[in-house]
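Trainee: protein-v5.txt is reproduced below (compact mmCIF, C-alpha atoms).
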# COMPACT_ATOMS: atom_id res chain seq x y z
CA MET Y 1 12.19 -0.73 4.69
CA THR Y 2 13.33 -2.03 8.07
CA LYS Y 3 11.83 -0.21 11.04
CA SER Y 4 14.28 1.43 13.45
CA PHE Y 5 15.60 -0.97 16.05
CA ASN Y 6 14.64 -0.54 19.68
CA PRO Y 7 17.62 1.04 21.55
CA SER Y 8 17.71 -1.91 23.97
CA THR Y 9 17.91 -4.38 21.11
CA LEU Y 10 20.57 -2.29 19.39
CA ARG Y 11 22.61 -2.15 22.59
CA SER Y 12 22.34 -5.92 23.12
CA ILE Y 13 23.41 -6.69 19.56
CA SER Y 14 26.33 -4.25 19.85
CA ILE Y 15 27.52 -6.04 22.98
CA ILE Y 16 27.42 -9.44 21.29
CA ILE Y 17 29.30 -8.22 18.21
CA GLY Y 18 31.80 -6.21 20.22
CA GLU Y 19 32.53 -8.76 22.93
CA GLU Y 20 32.18 -12.04 21.05
CA ILE Y 21 32.71 -11.52 17.32
CA LEU Y 22 34.86 -8.60 16.12
CA THR Y 23 38.22 -7.09 17.04
CA HIS Y 24 38.78 -3.31 16.88
CA LYS Y 25 40.46 -3.74 13.51
CA GLN Y 26 37.60 -5.87 12.19
CA ILE Y 27 35.09 -3.28 13.39
CA ASN Y 28 36.91 -0.65 11.30
CA GLU Y 29 36.79 -2.97 8.28
CA GLN Y 30 33.09 -3.76 8.68
CA PHE Y 31 32.18 -0.10 9.20
CA HIS Y 32 33.97 0.67 5.94
CA ASN Y 33 32.32 -2.24 4.11
CA SER Y 34 28.90 -1.07 5.31
CA GLY Y 35 29.43 2.61 4.50
CA LEU Y 36 29.26 3.57 8.19
CA ILE Y 37 31.24 6.42 9.73
CA ASP Y 38 32.61 5.79 13.24
CA THR Y 39 31.22 8.51 15.53
CA GLY Y 40 34.27 8.23 17.79
CA GLU Y 41 32.06 7.86 20.85
CA GLY Y 42 32.85 5.24 23.46
CA THR Y 43 36.16 3.71 24.53
CA ASN Y 44 35.21 0.04 24.19
CA LYS Y 45 34.07 -2.05 21.22
CA PRO Y 46 30.35 -2.40 22.14
CA ASP Y 47 30.05 1.37 22.64
CA ARG Y 48 31.79 2.15 19.33
CA ILE Y 49 29.35 -0.13 17.52
CA TYR Y 50 26.26 1.06 19.39
CA TYR Y 51 26.82 4.80 18.95
CA THR Y 52 27.77 4.41 15.28
CA LEU Y 53 24.71 2.30 14.48
CA ALA Y 54 22.39 4.49 16.54
CA SER Y 55 23.67 7.61 14.77
CA ARG Y 56 23.19 6.10 11.31
CA GLN Y 57 19.74 4.82 12.23
CA LYS Y 58 18.72 8.30 13.40
CA GLN Y 59 20.09 9.79 10.19
CA ASP Y 60 18.23 7.26 8.01
CA ASN Y 61 15.08 7.23 10.14
CA CYS Y 62 15.00 3.46 9.63
CA GLY Y 63 17.04 0.34 10.41
CA ASN Y 64 18.10 -0.58 6.87
CA ASN Y 65 21.81 0.11 7.31
CA VAL Y 66 21.85 -1.40 10.80
CA LEU Y 67 20.45 -4.66 9.47
CA SER Y 68 22.86 -4.54 6.51
CA PHE Y 69 25.77 -4.25 8.94
CA ILE Y 70 24.52 -7.18 11.02
CA ILE Y 71 24.07 -9.35 7.90
CA LYS Y 72 27.65 -8.63 6.84
CA ILE Y 73 28.83 -9.80 10.27
CA ILE Y 74 26.71 -12.97 10.30
CA ASP Y 75 27.78 -14.00 6.83
CA PRO Y 76 28.69 -17.70 6.50
CA LYS Y 77 31.46 -16.73 4.06
CA ARG Y 78 33.29 -15.01 6.94
CA TYR Y 79 33.52 -18.24 8.91
CA ASP Y 80 35.80 -21.25 8.70
CA SER Y 81 33.94 -23.06 11.47
CA GLU Y 82 30.26 -23.96 11.22
CA ALA Y 83 30.12 -24.20 15.03
CA SER Y 84 31.31 -20.59 15.43
CA PHE Y 85 28.90 -19.37 12.77
CA GLU Y 86 25.93 -21.11 14.42
CA LYS Y 87 26.93 -19.86 17.87
CA HIS Y 88 27.07 -16.24 16.70
CA ARG Y 89 23.98 -16.56 14.51
CA THR Y 90 21.99 -17.96 17.44
CA SER Y 91 23.14 -15.20 19.82
CA ILE Y 92 22.23 -12.46 17.35
CA ASN Y 93 18.92 -14.10 16.45
CA GLU Y 94 17.87 -14.19 20.09
CA LYS Y 95 17.97 -10.38 20.07
CA LEU Y 96 16.66 -9.87 16.53
CA LEU Y 97 13.59 -11.90 17.47
CA TYR Y 98 12.40 -8.95 19.52
CA GLU Y 99 12.28 -6.98 16.25
CA GLY Y 100 10.55 -9.76 14.33
CA ILE Y 101 13.68 -10.65 12.35
CA GLU Y 102 15.75 -13.82 12.14
CA ILE Y 103 18.91 -14.63 10.13
CA ASN Y 104 18.72 -18.03 8.43
CA LYS Y 105 21.52 -20.53 7.79
CA GLU Y 106 22.34 -18.79 4.49
CA GLY Y 107 22.93 -15.54 6.37
CA GLN Y 108 19.79 -13.90 5.04
CA PRO Y 109 17.14 -12.12 7.16
CA LYS Y 110 13.53 -13.28 7.29
CA ILE Y 111 10.44 -11.92 9.01
CA VAL Y 112 9.18 -13.90 12.02
CA ASP Y 113 6.64 -13.38 14.81
CA LYS Y 114 7.92 -11.10 17.54
CA ALA Y 115 7.11 -10.43 21.15
CA LYS Y 116 5.23 -7.22 21.94
CA THR Y 117 7.94 -6.06 24.35
CA ILE Y 118 11.49 -7.10 25.19
CA PRO Y 119 10.65 -7.94 28.83
CA GLU Y 120 7.79 -10.11 27.60
CA ALA Y 121 10.12 -12.05 25.30
CA LYS Y 122 12.69 -12.48 28.06
CA ASN Y 123 10.00 -13.72 30.45
CA ARG Y 124 8.88 -16.28 27.89
CA SER Y 125 12.40 -17.58 27.51
CA MET Y 126 12.87 -17.72 31.28
CA LYS Y 127 9.82 -19.97 31.69
CA ILE Y 128 11.77 -22.74 30.01
CA LYS Y 129 15.14 -21.92 31.53
CA GLU Y 130 13.67 -21.97 35.03
CA ARG Y 131 12.09 -25.36 34.42
CA VAL Y 132 15.35 -26.94 33.27
CA HIS Y 133 17.56 -25.17 35.80
CA GLY Y 134 20.87 -26.98 36.19
CA ILE Y 135 20.52 -28.84 32.88
CA GLY Y 136 22.45 -27.48 29.93
CA ILE Y 137 20.23 -27.65 26.85
CA HIS Y 138 22.18 -28.94 23.85
CA GLN Y 139 23.05 -26.16 21.41
CA ASP Y 140 21.78 -28.13 18.39
CA ILE Y 141 18.31 -28.20 19.98
CA LEU Y 142 18.21 -24.43 20.52
CA LEU Y 143 18.82 -23.83 16.82
CA TYR Y 144 15.59 -25.66 16.07
CA CYS Y 145 13.13 -24.41 18.66
CA GLU Y 146 14.13 -21.23 20.50
CA SER Y 147 12.06 -18.88 18.35
CA GLU Y 148 9.01 -21.12 18.86
CA TRP Y 149 9.23 -21.14 22.64
CA LEU Y 150 9.94 -17.40 22.79
CA ASN Y 151 6.66 -16.98 20.95
CA GLU Y 152 4.99 -19.47 23.32
CA ASN Y 153 4.35 -21.79 20.40
CA TYR Y 154 5.10 -24.88 22.49
CA PHE Y 155 3.12 -27.26 20.29
CA HIS Y 156 5.38 -26.64 17.28
CA ALA Y 157 8.49 -26.31 19.45
CA ILE Y 158 8.06 -29.96 20.48
CA LEU Y 159 7.95 -30.97 16.83
CA GLU Y 160 11.06 -28.93 16.07
CA ILE Y 161 12.95 -30.47 18.99
CA THR Y 162 12.27 -33.98 17.69
CA LYS Y 163 13.41 -32.90 14.23
CA SER Y 164 16.80 -31.98 15.70
CA ILE Y 165 17.35 -35.64 16.62
CA ALA Y 166 16.39 -36.97 13.19
CA HIS Y 167 18.61 -34.36 11.55
CA LYS Y 168 21.62 -35.38 13.65
CA LEU Y 169 21.08 -39.05 12.75
CA ARG Y 170 20.98 -38.18 9.05
CA GLN Y 171 24.11 -36.07 9.37
CA LYS Y 172 25.95 -38.89 11.11
CA SER Y 173 24.84 -41.70 8.80
CA GLY Y 174 24.06 -40.19 5.42
CA TYR Y 175 20.68 -41.98 5.37
CA ILE Y 176 17.60 -40.01 4.33
CA SER Y 177 14.82 -42.01 6.01
CA ASP Y 178 12.95 -41.01 9.16
CA GLY Y 179 11.60 -42.26 12.48
CA ALA Y 180 12.05 -45.87 13.60
CA LEU Y 181 13.36 -46.91 10.17
CA LEU Y 182 16.14 -44.34 10.40
CA VAL Y 183 17.08 -45.57 13.87
CA ASP Y 184 17.18 -49.19 12.66
CA GLU Y 185 19.35 -48.23 9.68
CA CYS Y 186 21.76 -46.39 11.95
CA PHE Y 187 21.96 -48.72 14.95
CA GLY Y 188 20.58 -52.09 13.80
CA LEU Y 189 23.06 -54.84 14.75
CA GLY Y 190 21.85 -57.45 12.27
CA SER Y 191 23.00 -61.06 12.36
CA GLU Y 192 26.63 -60.01 11.96
CA LYS Y 193 26.39 -57.38 14.70
CA LYS Y 194 27.80 -54.68 12.45
CA PRO Y 195 25.79 -51.45 12.80
CA MET Y 196 26.36 -48.26 10.84
CA LEU Y 197 26.75 -46.20 14.04
CA ALA Y 198 27.92 -47.06 17.55
CA PHE Y 199 28.98 -45.22 20.69
CA ASN Y 200 30.90 -48.07 22.31
CA LEU Y 201 33.16 -50.87 21.03
CA LEU Y 202 30.44 -53.57 21.15
CA GLN Y 203 32.93 -56.00 22.69
CA SER Y 204 30.65 -57.48 25.33
CA GLU Y 205 27.03 -58.39 25.95
CA SER Y 206 26.81 -55.34 28.18
CA ASP Y 207 28.01 -53.11 25.32
CA GLU Y 208 25.47 -54.66 22.95
CA SER Y 209 22.68 -54.29 25.49
CA GLU Y 210 23.52 -50.62 26.02
CA HIS Y 211 23.67 -50.09 22.25
CA LYS Y 212 20.25 -51.69 21.65
CA GLY Y 213 18.79 -49.87 24.65
CA PHE Y 214 19.84 -46.50 23.27
CA ALA Y 215 18.33 -47.30 19.86
CA ASN Y 216 15.03 -48.26 21.53
CA PHE Y 217 15.22 -45.11 23.63
CA ILE Y 218 15.34 -42.96 20.47
CA LYS Y 219 12.46 -44.90 18.91
CA GLY Y 220 10.42 -44.36 22.06
CA PHE Y 221 11.26 -40.66 21.96
CA PHE Y 222 9.89 -40.37 18.41
CA SER Y 223 6.78 -42.41 19.21
CA MET Y 224 5.96 -40.59 22.43
CA TYR Y 225 6.66 -36.99 21.48
CA ARG Y 226 6.71 -36.58 17.72
CA ASN Y 227 4.12 -38.88 16.18
CA PRO Y 228 1.19 -37.90 18.45
CA LYS Y 229 1.98 -34.22 17.93
CA ALA Y 230 1.61 -34.66 14.20
CA HIS Y 231 -1.99 -35.82 14.56
CA ASP Y 232 -3.52 -34.73 17.88
CA PRO Y 233 -5.20 -31.36 18.50
CA LYS Y 234 -3.25 -28.75 20.43
CA LEU Y 235 -3.11 -29.18 24.19
CA LEU Y 236 -3.68 -26.49 26.79
CA GLU Y 237 -0.73 -24.09 27.07
CA ASP Y 238 0.33 -25.17 30.59
CA THR Y 239 0.36 -28.81 29.50
CA GLN Y 240 2.34 -27.92 26.40
CA LEU Y 241 4.94 -26.01 28.42
CA THR Y 242 5.39 -28.90 30.84
CA GLU Y 243 5.69 -31.44 28.04
CA MET Y 244 8.10 -29.27 26.07
CA THR Y 245 10.34 -29.05 29.13
CA GLU Y 246 10.37 -32.85 29.32
CA VAL Y 247 11.20 -33.08 25.62
CA LEU Y 248 14.08 -30.61 26.02
CA VAL Y 249 15.62 -32.73 28.77
CA VAL Y 250 15.21 -36.06 26.94
CA ALA Y 251 16.42 -34.62 23.63
CA THR Y 252 19.51 -33.20 25.34
CA ILE Y 253 20.36 -36.65 26.71
CA ILE Y 254 20.04 -38.12 23.20
CA GLN Y 255 22.00 -35.32 21.54
CA ASN Y 256 24.86 -35.66 24.02
CA LYS Y 257 25.04 -39.40 23.34
CA LEU Y 258 24.90 -38.85 19.58
CA ASP Y 259 27.87 -36.49 19.85
CA LYS Y 260 29.89 -39.50 21.04
CA THR Y 261 28.56 -41.79 18.31
CA TYR Y 262 30.90 -42.73 15.46
CA LYS Y 263 30.73 -44.47 12.08
CA THR Y 264 31.88 -48.08 12.45
CA GLY Y 265 32.92 -48.43 8.81
CA TYR Y 266 30.83 -51.56 8.38
CA LYS Y 267 28.26 -49.89 6.13
Let me see the structure of the file written as C-alpha cells.

Mentor:
Amino acid sequence: MTKSFNPSTLRSISIIIGEEILTHKQINEQFHNSGLIDTGEGTNKPDRIYYTLASRQKQDNCGNNVLSFIIKIIDPKRYDSEASFEKHRTSINEKLLYEGIEINKEGQPKIVDKAKTIPEAKNRSMKIKERVHGIGIHQDILLYCESEWLNENYFHAILEITKSIAHKLRQKSGYISDGALLVDECFGLGSEKKPMLAFNLLQSESDESEHKGFANFIKGFFSMYRNPKAHDPKLLEDTQLTEMTEVLVVATIIQNKLDKTYKTGYK
C-alpha cells in the first residue's frame, strides 16, 4: 500500500501534469483510464487534477490510485520522443522523491530514500543550485545524480555524474568499454587520423590539437573524479559538496561538447 501523498507534493505534481503534460481532453481520458471521477472543482487543469486526486486519496485512505494515475501519465508507451519522456519523468521524480518514490526508465515506481520534510529537500537541492548559479547543468547529468544530491549523498553523486559521461560516449559510439580505453576508441586519431567520433572537421593542425585536447580532457576527468572515488574513503560532507559542484560544472562542459560530436563514418 502506498501512503497518502503530502498535500504539497500532490499539488506540485498536479501543476506539472496540468501545465506541462496533459490537455483538458487528455485529462478526461486519463481519469477514465484510472477509474477516477472528476470532482468538477477548479477552473484550470492543475486544480482539476489536484482536487480529483485529493478526493480519491481521502476516499481510499492511501495513495494507491494517485500513484497509479501518475504511472499511467509517465508511461514510456505514451511518448514518441525520449527527450520529452525524460523531461517529464525527471520533473515528476523531483516531487515524488519527497515521498520516497521514483519512477524508473521503464515507467515503474521504486522506493528510494526521502527527505524528512519538503523544505529540507528543497534546501538540499538549493545548496547545489546556489553554487552553480548562472551555469545551466546539462539535463543528462541531472538524470543520473539529482536524487543523490537531494539526499546529500555527494560521494555517490560524483560517481553517478562521471557515469553520465561514459554512458554518452557509449551511446554515441556503440563501444562497450570504459574509462581511458573508451575515450581512445572514440577519439583516437591513429596513423590515418580517422577517429570514430569528432566535433570538428579535422582539416587543420588547430582542429587536430583541439580534438586531442578534448579527448585528454575527458581522460583527466575520469582520472581525477571517478577513479579515486571508487577506492578512497568518504570525504567530509563540506568537501564532498564543493567537489561535487566542480564535477557538475566540468561534466556539463563535456556533455555540451559531446552533444556536438558526430560519427565520422571511418569506423

Trainee: So how many Å separate CA of Phe199 in chain Y and CA of Tyr262 in chain Y, to one decimal?

Mentor: 6.1 Å

Trainee: Neighbours of range 47-60 of chain Y within 8 Å (only C-alpha atoms; same-chain residues fewer than 6 positions away dropped), as a PyMOL selection string?

Mentor: chain Y and resi 4+7+10-11+14-15+18+27+36-41+66

Trainee: Mind giving me the straight-line distance from CA of Glu160 in chain Y to CA of Leu197 in chain Y in Å, one decimal?

Mentor: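 So the answer is 23.4 Å.
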
Trainee: One number please: CA of Arg226 in chain Y to CA of Cys145 in chain Y, in Å, one decimal.

Mentor: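 Calculated distance between CA of Arg226 in chain Y and CA of Cys145 in chain Y is 13.8 Å.
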
Trainee: Fewer than 6 positions away in the same chain doesn't count, so skip those; otherwise give me all residues within 8 Å of Leu248 in chain Y, counting all atoms listed in the file, as a list in words.

Mentor: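 The filter keeps Ile137, Ile141 and Ile161 of chain Y.
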
Trainee: Which residues come within 7 Å of range 103-113 of chain Y, counting only C-alpha atoms, excluding same-chain residues fewer than 4 positions away, as an mmCIF file with C-alpha atoms, in the frame of the given file?

Mentor:
data_model
loop_
_atom_site.group_PDB
_atom_site.id
_atom_site.type_symbol
_atom_site.label_atom_id
_atom_site.label_comp_id
_atom_site.auth_asym_id
_atom_site.auth_seq_id
_atom_site.Cartn_x
_atom_site.Cartn_y
_atom_site.Cartn_z
ATOM 1 C CA ILE Y 71 24.070 -9.350 7.900
ATOM 2 C CA ILE Y 74 26.710 -12.970 10.300
ATOM 3 C CA ASP Y 75 27.780 -14.000 6.830
ATOM 4 C CA PRO Y 76 28.690 -17.700 6.500
ATOM 5 C CA ARG Y 89 23.980 -16.560 14.510
ATOM 6 C CA ASN Y 93 18.920 -14.100 16.450
#

Trainee: Would you pick out the contacts of Gly174 in chain Y at 12 Å or less, using all atoms listed in the file, so that residues sharing its chain but fewer than 2 positions from it are not included, and give the list as a PDB file with C-alpha atoms, in the frame of the given file?

Mentor:
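And here is the file that came out, out-v2.pdb:
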ATOM      1  CA  ALA Y 166      16.390 -36.970  13.190  1.00  0.00           C
ATOM      2  CA  HIS Y 167      18.610 -34.360  11.550  1.00  0.00           C
ATOM      3  CA  LYS Y 168      21.620 -35.380  13.650  1.00  0.00           C
ATOM      4  CA  LEU Y 169      21.080 -39.050  12.750  1.00  0.00           C
ATOM      5  CA  ARG Y 170      20.980 -38.180   9.050  1.00  0.00           C
ATOM      6  CA  GLN Y 171      24.110 -36.070   9.370  1.00  0.00           C
ATOM      7  CA  LYS Y 172      25.950 -38.890  11.110  1.00  0.00           C
ATOM      8  CA  ILE Y 176      17.600 -40.010   4.330  1.00  0.00           C
ATOM      9  CA  SER Y 177      14.820 -42.010   6.010  1.00  0.00           C
ATOM     10  CA  ASP Y 178      12.950 -41.010   9.160  1.00  0.00           C
ATOM     11  CA  LEU Y 182      16.140 -44.340  10.400  1.00  0.00           C
ATOM     12  CA  GLU Y 185      19.350 -48.230   9.680  1.00  0.00           C
ATOM     13  CA  CYS Y 186      21.760 -46.390  11.950  1.00  0.00           C
ATOM     14  CA  MET Y 196      26.360 -48.260  10.840  1.00  0.00           C
ATOM     15  CA  LEU Y 197      26.750 -46.200  14.040  1.00  0.00           C
ATOM     16  CA  LYS Y 263      30.730 -44.470  12.080  1.00  0.00           C
ATOM     17  CA  LYS Y 267      28.260 -49.890   6.130  1.00  0.00           C
TER      18      LYS Y 267
END

Trainee: Please define a box with edges along x, y and z of the file around all atoms of range 78-86 of chain Y given in the file, extend it by 6 Å on each side, and return its centre and edge lengths in Å to one decimal, as AutoDock Vina command-line options.

Mentor:
--center_x 30.9 --center_y -19.6 --center_z 11.2 --size_x 21.9 --size_y 21.2 --size_z 20.5

Trainee: When you look at Lys114 in chain Y with a cut-off of 8 Å (counting only C-alpha atoms), what residues show up, excluding the ones that are within fewer than 5 positions of it in the same chain? I need them as a PyMOL selection string.

Mentor: chain Y and resi 97-101+151

Trainee: Between Y:Leu96, Y:Cys62, Y:Ile254, Y:Leu22, which residue has the minimum interatomic distance to Pro46 in chain Y, considering all atoms listed in the file?

Mentor: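 Closest residue, counting all atoms listed in the file: Y:Leu22.
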
Trainee: Nearest residue to Asn44 in chain Y out of Y:Thr2, Y:Thr90, Y:Ser223, Y:Thr23, using all atoms listed in the file?

Mentor: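 For Asn44 in chain Y, the nearest of the candidates is Y:Thr23.
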
Trainee: Which residue gives the smallest distance to Phe155 in chain Y among Y:Tyr79, Y:Phe214, Y:Phe187, Y:Tyr225, with only C-alpha atoms counted?

Mentor: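 For Phe155 in chain Y, the nearest of the given residues is Y:Tyr225.
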